[in-house]
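Text of the file data.txt, holding compact mmCIF, C-alpha atoms and all ligand atoms:
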# COMPACT_ATOMS: atom_id res chain seq x y z
CA MET A 1 -24.08 64.74 -29.39
CA PRO A 2 -22.43 63.92 -26.13
CA ALA A 3 -21.80 60.33 -27.16
CA LYS A 4 -19.61 61.43 -30.12
CA VAL A 5 -17.67 63.94 -28.01
CA SER A 6 -16.98 61.35 -25.41
CA LYS A 7 -15.66 59.06 -28.17
CA GLN A 8 -13.34 61.84 -29.45
CA VAL A 9 -12.14 62.50 -25.94
CA ARG A 10 -11.35 58.85 -25.55
CA VAL A 11 -9.50 58.89 -28.87
CA LEU A 12 -7.22 61.77 -27.89
CA PRO A 13 -5.31 60.00 -25.14
CA LYS A 14 -4.52 57.24 -27.69
CA PHE A 15 -2.67 59.82 -29.83
CA THR A 16 -0.73 61.07 -26.83
CA LEU A 17 0.25 57.46 -26.07
CA ASP A 18 1.71 57.15 -29.59
CA ARG A 19 4.65 59.42 -28.87
CA PRO A 20 6.39 57.16 -26.35
CA ILE A 21 5.77 54.16 -28.69
CA ILE A 22 7.49 56.02 -31.51
CA ARG A 23 10.40 56.79 -29.19
CA ASP A 24 10.57 53.07 -28.33
CA VAL A 25 10.55 52.17 -32.03
CA LYS A 26 13.42 54.63 -32.59
CA LYS A 27 15.33 53.02 -29.74
CA ILE A 28 14.71 49.58 -31.21
CA ILE A 29 15.89 50.70 -34.66
CA ILE A 30 19.03 52.27 -33.18
CA GLY A 31 19.58 49.09 -31.16
CA LEU A 32 19.16 46.87 -34.22
CA ALA A 33 21.52 49.07 -36.22
CA ALA A 34 24.10 48.77 -33.45
CA VAL A 35 23.68 44.97 -33.43
CA LEU A 36 24.06 44.85 -37.22
CA VAL A 37 27.23 46.97 -37.09
CA LEU A 38 28.69 44.70 -34.39
CA ALA A 39 27.69 41.54 -36.30
CA GLY A 40 29.19 42.95 -39.49
CA GLY A 41 32.42 43.75 -37.67
CA TYR A 42 32.53 40.26 -36.16
CA ALA A 43 31.93 38.62 -39.55
CA ALA A 44 34.75 40.69 -41.07
CA TYR A 45 37.00 39.71 -38.17
CA GLN A 46 36.14 36.02 -38.72
CA ALA A 47 36.82 36.33 -42.44
CA LEU A 48 40.23 37.85 -41.74
CA ASN A 49 41.04 35.06 -39.31
CA GLN A 50 40.04 32.42 -41.85
CA ALA A 51 42.23 34.08 -44.44
CA ASP A 52 45.10 33.62 -42.00
CA GLU A 53 44.39 29.87 -41.76
CA PRO A 54 43.89 28.64 -45.33
CA GLU A 55 45.07 25.12 -44.40
CA ALA A 56 42.29 24.59 -41.87
CA ALA A 57 39.71 25.74 -44.37
CA THR A 58 41.13 23.47 -47.09
CA ASN A 59 41.16 20.44 -44.81
CA ASN A 60 37.51 20.98 -43.95
CA ASN A 61 36.66 21.08 -47.63
CA LEU A 62 38.62 17.87 -48.25
CA ASN A 63 36.81 16.02 -45.47
CA GLU A 64 33.46 17.10 -46.81
CA ALA A 65 34.24 16.22 -50.42
CA GLU A 66 33.64 12.68 -51.65
CA PHE A 67 36.91 10.99 -52.62
CA ASP A 68 37.17 10.78 -56.40
CA LYS A 69 37.80 7.12 -57.19
CA SER A 70 38.12 7.84 -60.91
CA LEU A 71 40.94 10.37 -60.63
CA TYR A 72 43.43 7.95 -62.23
CA SER A 73 42.90 4.96 -64.49
CA LEU A 74 43.13 1.45 -63.02
CA ASP A 75 43.88 -0.06 -66.44
CA GLN A 76 46.16 2.37 -68.24
CA PRO A 77 49.82 1.26 -68.16
CA GLY A 78 51.80 3.86 -66.23
CA SER A 79 48.79 5.22 -64.34
CA LEU A 80 49.43 5.95 -60.66
CA TRP A 81 46.55 3.63 -59.73
CA TRP A 82 47.27 0.92 -62.31
CA VAL A 83 46.13 -2.32 -60.66
CA VAL A 84 48.36 -5.24 -61.55
CA ASN A 85 47.76 -8.73 -60.19
CA LYS A 86 47.53 -12.35 -61.29
CA GLN A 87 44.47 -11.55 -63.42
CA ARG A 88 45.58 -8.13 -64.65
CA PHE A 89 48.73 -8.59 -66.72
CA ILE A 90 51.37 -6.03 -67.61
CA PRO A 91 52.36 -5.89 -71.27
CA GLY A 92 55.65 -7.78 -71.49
CA ASP A 93 57.39 -4.84 -73.13
CA TYR A 94 56.14 -2.20 -70.66
CA LEU A 95 59.09 -0.09 -69.55
CA PRO A 96 58.56 2.97 -67.32
CA ALA A 97 60.06 6.02 -69.02
CA ASP A 98 61.17 7.79 -65.83
CA LEU A 99 63.23 5.22 -63.90
CA THR A 100 65.71 6.67 -61.46
CA SER A 101 67.73 5.60 -58.44
CA PRO A 102 66.48 7.12 -55.15
CA ASP A 103 68.86 8.83 -52.73
CA ILE A 104 68.47 6.31 -49.89
CA LYS A 105 70.44 3.29 -48.69
CA LEU A 106 70.43 0.66 -51.45
CA ARG A 107 70.86 -3.10 -51.28
CA TRP A 108 72.69 -3.21 -54.61
CA ALA A 109 74.63 -0.75 -56.80
CA ALA A 110 72.72 2.38 -57.78
CA ASP A 111 72.79 1.42 -61.47
CA ALA A 112 71.35 -2.05 -60.83
CA GLU A 113 67.97 -2.57 -62.50
CA SER A 114 66.27 -3.49 -59.23
CA MET A 115 67.43 -0.27 -57.54
CA GLN A 116 65.36 1.91 -59.90
CA VAL A 117 61.98 3.45 -59.10
CA ARG A 118 59.80 5.80 -61.11
CA GLU A 119 60.62 9.47 -60.68
CA VAL A 120 57.01 10.12 -59.51
CA ILE A 121 57.57 8.18 -56.29
CA ARG A 122 61.12 9.31 -55.55
CA SER A 123 60.55 12.38 -53.36
CA ASP A 124 57.91 10.65 -51.21
CA LEU A 125 60.13 7.58 -50.84
CA GLU A 126 63.10 9.68 -49.79
CA ALA A 127 60.90 11.69 -47.37
CA MET A 128 59.56 8.47 -45.83
CA VAL A 129 63.05 7.05 -45.28
CA ARG A 130 64.17 10.36 -43.73
CA ALA A 131 61.16 10.37 -41.39
CA ALA A 132 61.90 6.77 -40.40
CA ARG A 133 65.49 7.74 -39.61
CA GLN A 134 64.26 10.60 -37.41
CA ALA A 135 62.13 8.05 -35.56
CA GLY A 136 65.23 5.87 -35.06
CA HIS A 137 64.70 3.36 -37.90
CA GLU A 138 67.21 2.82 -40.73
CA LEU A 139 65.61 1.50 -43.92
CA MET A 140 67.13 0.08 -47.07
CA LEU A 141 65.73 -0.43 -50.57
CA VAL A 142 65.90 -4.19 -51.15
CA SER A 143 64.22 -4.39 -54.54
CA ALA A 144 62.21 -2.06 -56.76
CA TYR A 145 61.87 -2.13 -60.56
CA ARG A 146 62.13 -5.53 -62.23
CA SER A 147 61.88 -6.04 -65.95
CA PHE A 148 59.82 -8.85 -67.46
CA ALA A 149 63.04 -10.73 -68.26
CA TYR A 150 64.41 -10.39 -64.72
CA GLN A 151 61.09 -11.43 -63.18
CA LYS A 152 61.03 -14.48 -65.48
CA GLN A 153 64.49 -15.48 -64.31
CA LEU A 154 63.48 -15.05 -60.64
CA TYR A 155 60.22 -16.95 -61.03
CA ASP A 156 61.80 -19.81 -62.97
CA ASN A 157 64.42 -20.22 -60.23
CA TYR A 158 61.72 -20.31 -57.51
CA VAL A 159 59.69 -22.84 -59.49
CA LYS A 160 62.76 -25.07 -59.78
CA ALA A 161 63.36 -24.84 -56.03
CA TYR A 162 59.79 -24.98 -54.65
CA GLY A 163 57.50 -26.16 -57.45
CA GLU A 164 55.02 -23.93 -59.28
CA ASP A 165 52.19 -23.96 -56.68
CA GLU A 166 54.39 -22.88 -53.80
CA ALA A 167 56.44 -20.45 -55.89
CA SER A 168 53.32 -18.66 -57.14
CA ARG A 169 52.28 -17.82 -53.56
CA PHE A 170 55.23 -15.48 -53.08
CA SER A 171 56.64 -14.79 -56.51
CA ALA A 172 54.80 -13.33 -59.47
CA LYS A 173 54.70 -14.93 -62.86
CA PRO A 174 56.42 -12.61 -65.34
CA GLY A 175 53.86 -10.06 -66.52
CA THR A 176 51.94 -10.08 -63.24
CA SER A 177 54.50 -8.46 -60.96
CA GLU A 178 53.85 -4.99 -59.58
CA HIS A 179 57.61 -4.52 -59.54
CA GLN A 180 57.52 -4.12 -63.32
CA THR A 181 55.47 -0.91 -62.87
CA GLY A 182 58.32 0.85 -61.05
CA LEU A 183 55.73 1.84 -58.43
CA ALA A 184 56.39 -1.07 -56.04
CA ILE A 185 59.26 -1.44 -53.60
CA ASP A 186 60.56 -3.96 -51.10
CA LEU A 187 62.06 -2.37 -48.01
CA GLY A 188 64.20 -3.86 -45.29
CA ARG A 189 66.50 -3.16 -42.38
CA THR A 190 70.06 -2.14 -43.15
CA ASP A 191 71.38 -5.20 -41.23
CA GLY A 192 69.40 -7.57 -43.45
CA LYS A 193 67.46 -9.11 -40.54
CA CYS A 194 64.10 -10.56 -41.71
CA GLU A 195 64.80 -9.44 -45.29
CA ILE A 196 61.83 -10.43 -47.50
CA GLU A 197 60.52 -12.47 -44.56
CA GLN A 198 57.25 -12.14 -42.69
CA CYS A 199 59.12 -11.50 -39.43
CA PHE A 200 59.94 -8.06 -40.90
CA GLY A 201 56.40 -7.08 -39.88
CA ASP A 202 57.32 -7.62 -36.23
CA THR A 203 60.50 -5.53 -36.34
CA ALA A 204 60.41 -1.89 -35.20
CA GLU A 205 61.08 -0.88 -38.82
CA GLY A 206 58.22 -3.00 -40.18
CA ARG A 207 55.82 -1.67 -37.54
CA TRP A 208 56.84 1.92 -38.20
CA LEU A 209 56.24 1.42 -41.93
CA ALA A 210 52.84 -0.22 -41.40
CA SER A 211 51.78 2.82 -39.34
CA ASN A 212 53.38 5.59 -41.36
CA ALA A 213 53.84 4.55 -45.00
CA ALA A 214 50.41 5.87 -46.03
CA LYS A 215 51.44 9.40 -45.05
CA TYR A 216 53.98 9.19 -47.89
CA GLY A 217 51.65 7.56 -50.41
CA PHE A 218 52.58 3.89 -49.89
CA ILE A 219 50.30 1.00 -48.94
CA VAL A 220 51.06 -2.48 -47.60
CA ARG A 221 49.92 -4.16 -50.80
CA TYR A 222 49.66 -7.76 -49.55
CA GLN A 223 48.02 -7.64 -46.16
CA LYS A 224 47.88 -10.35 -43.52
CA GLY A 225 44.99 -12.80 -44.04
CA ARG A 226 44.06 -11.43 -47.49
CA GLU A 227 45.72 -14.04 -49.69
CA ALA A 228 42.36 -15.02 -51.18
CA VAL A 229 41.87 -11.44 -52.43
CA THR A 230 45.37 -10.39 -53.45
CA GLY A 231 46.68 -13.80 -54.51
CA TYR A 232 49.76 -13.31 -52.35
CA GLN A 233 50.67 -14.19 -48.81
CA TYR A 234 51.35 -11.43 -46.28
CA GLU A 235 54.30 -9.30 -47.40
CA PRO A 236 55.03 -6.63 -44.77
CA TRP A 237 58.09 -5.54 -46.78
CA HIS A 238 56.30 -4.87 -50.09
CA PHE A 239 54.88 -1.39 -50.59
CA ARG A 240 53.00 0.02 -53.53
CA TYR A 241 52.92 3.72 -54.28
CA VAL A 242 49.43 5.07 -55.02
CA GLY A 243 49.82 8.70 -53.88
CA ARG A 244 49.08 10.17 -50.48
CA GLU A 245 45.33 10.67 -50.90
CA LEU A 246 44.48 7.12 -51.97
CA ALA A 247 46.96 5.61 -49.51
CA ALA A 248 45.16 7.42 -46.66
CA GLU A 249 41.80 6.15 -47.93
CA ILE A 250 42.99 2.55 -48.24
CA LYS A 251 44.66 2.58 -44.82
CA GLN A 252 41.55 4.06 -43.22
CA THR A 253 39.20 1.50 -44.81
CA GLY A 254 41.57 -1.44 -44.22
CA LEU A 255 40.70 -2.76 -47.70
CA THR A 256 43.03 -4.15 -50.34
CA MET A 257 43.37 -2.24 -53.62
CA GLU A 258 41.17 -4.85 -55.33
CA GLU A 259 38.42 -4.50 -52.71
CA TYR A 260 38.58 -0.73 -52.58
CA PHE A 261 37.97 -0.47 -56.33
CA GLY A 262 35.57 -3.42 -56.45
CA LEU A 263 37.71 -5.44 -58.87
ZN ZN A 301 57.85 -6.92 -53.61
I need this file expressed as structure tokens, please.
Amino acid sequence: MPAKVSKQVRVLPKFTLDRPIIRDVKKIIIGLAAVLVLAGGYAAYQALNQADEPEAATNNNLNEAEFDKSLYSLDQPGSLWWVVNKQRFIPGDYLPADLTSPDIKLRWAADAESMQVREVIRSDLEAMVRAARQAGHELMLVSAYRSFAYQKQLYDNYVKAYGEDEASRFSAKPGTSEHQTGLAIDLGRTDGKCEIEQCFGDTAEGRWLASNAAKYGFIVRYQKGREAVTGYQYEPWHFRYVGRELAAEIKQTGLTMEEYFGL
């Protein structure tokens, strides 16, 4: 059977060819193993590096995460995000339990009612005033907490002087003032220039605050051109504490508190 023999002969060289292929396969396996070892080492190195930079990793997670708009109540008296305006009244007898006088320059005596703020905002307020000083701007607390009774006295005086319509554009009816929450403050220059006046927004101090207050958890509550939404004319001196996270959100979106929460 010569045909069969010739077939077998032709088969033999195929077997001999197999040896170099096997050697190649071995080389490939060794190569792959080397690559895996290197990749594993690199991954471990990366992991170690990341462990050294926990802040960077945390920030990335924060950016990716959706901001939780329901973290604090908008309605609960005393809540950090309690929204108070002309439609959302404060109970007349609401008194913050943690009022304290901040360690910054004060317009009036430290024990005056209007020089009190809630303890929860104190450290950020003091840090903001220190940062302003480092940037060359001296700030003073002009007015903070106001009780229902004090706000009534203020408002009644304004109404006598300007009439109710005009007075209500810049002064809150008792029970509708954010100042009663202890979370709102009026800031000014230490020389009193532009105190509680719109020109404060054009001073170096007012501009610094507009740019930097959010870093310390404060927002410009009554923005320019938003009277129809907030019910108040532009008040570059009036800041509301909402915490650093929400303040950053609100500053970034350019919305008022009412718009941001869809109220
Ligand atoms: Zn104010």
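Residues lying within 9 Å of segment 147-163 of chain A, counting only C-alpha atoms and ignoring same-chain neighbours fewer than 5 positions away, are Ile90, Pro91, Gly92, Asp93, Tyr94, Leu95, Glu113, Ser114, Ser168, Ser171, Ala172, Lys173, Pro174, Gly175, Ser177, His179, Gln180 and Thr181 of chain A.
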Computed gap from atom CA of Leu141 of chain A to atom CA of Met115 of chain A is 7.2 Å
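Neighbouring residues of ligand ZN 301 (chain A) at a cut-off of 8 Å, counting only C-alpha atoms and all ligand atoms, are Ser143, Ala144, Glu178, His179, Ala184, Ile185, Asp186, Glu235, Trp237, His238 and Phe239 of chain A.
Shortest separation to Thr190 of chain A among A:Leu209, A:Val120, A:Leu80, A:Leu106 occurs at residue A:Leu106, atoms counted being only C-alpha atoms.
Here atom CA of Asp75 of chain A is placed at a distance of 25.2 Å from atom CA of Pro236 of chain A.
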Nearest to Phe218 of chain A: which of A:Arg118, A:Met128, A:Gly206, A:Glu66 is it, counting all atoms listed in the file? A:Met128
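Note that atom CA of Val220 of chain A and atom CA of Leu246 of chain A are 12.4 Å apart.
For segment 257-261 of chain A, the set of protein, DNA and RNA residues having any atom at most 10 Å away, when counting all atoms listed in the file and skipping those fewer than 3 positions along the same chain, is Lys69, Ser70, Leu74, Trp81, Val83, Val84, Asn85, Ile219, Val220, Arg221, Tyr222, Val229, Thr230, Arg240, Val242, Leu246, Ala247, Glu249, Ile250, Thr253 and Gly254 of chain A.
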Give the centre and edge lengths of an axis-aligned box, in Å to one decimal, that holds all listed atoms of segment 147-150 of chain A with 4 Å on each side, as JSON.
{"center_x": 62.1, "center_y": -8.4, "center_z": -66.5, "size_x": 12.6, "size_y": 12.7, "size_z": 11.5}
Pick out the residues sitting within 6 Å of Gly188 of chain A, and hand them over as a PyMOL selection string; count all atoms listed in the file, and ignore anything fewer than 2 positions along from it in its own chain. chain A and resi 139-140+195
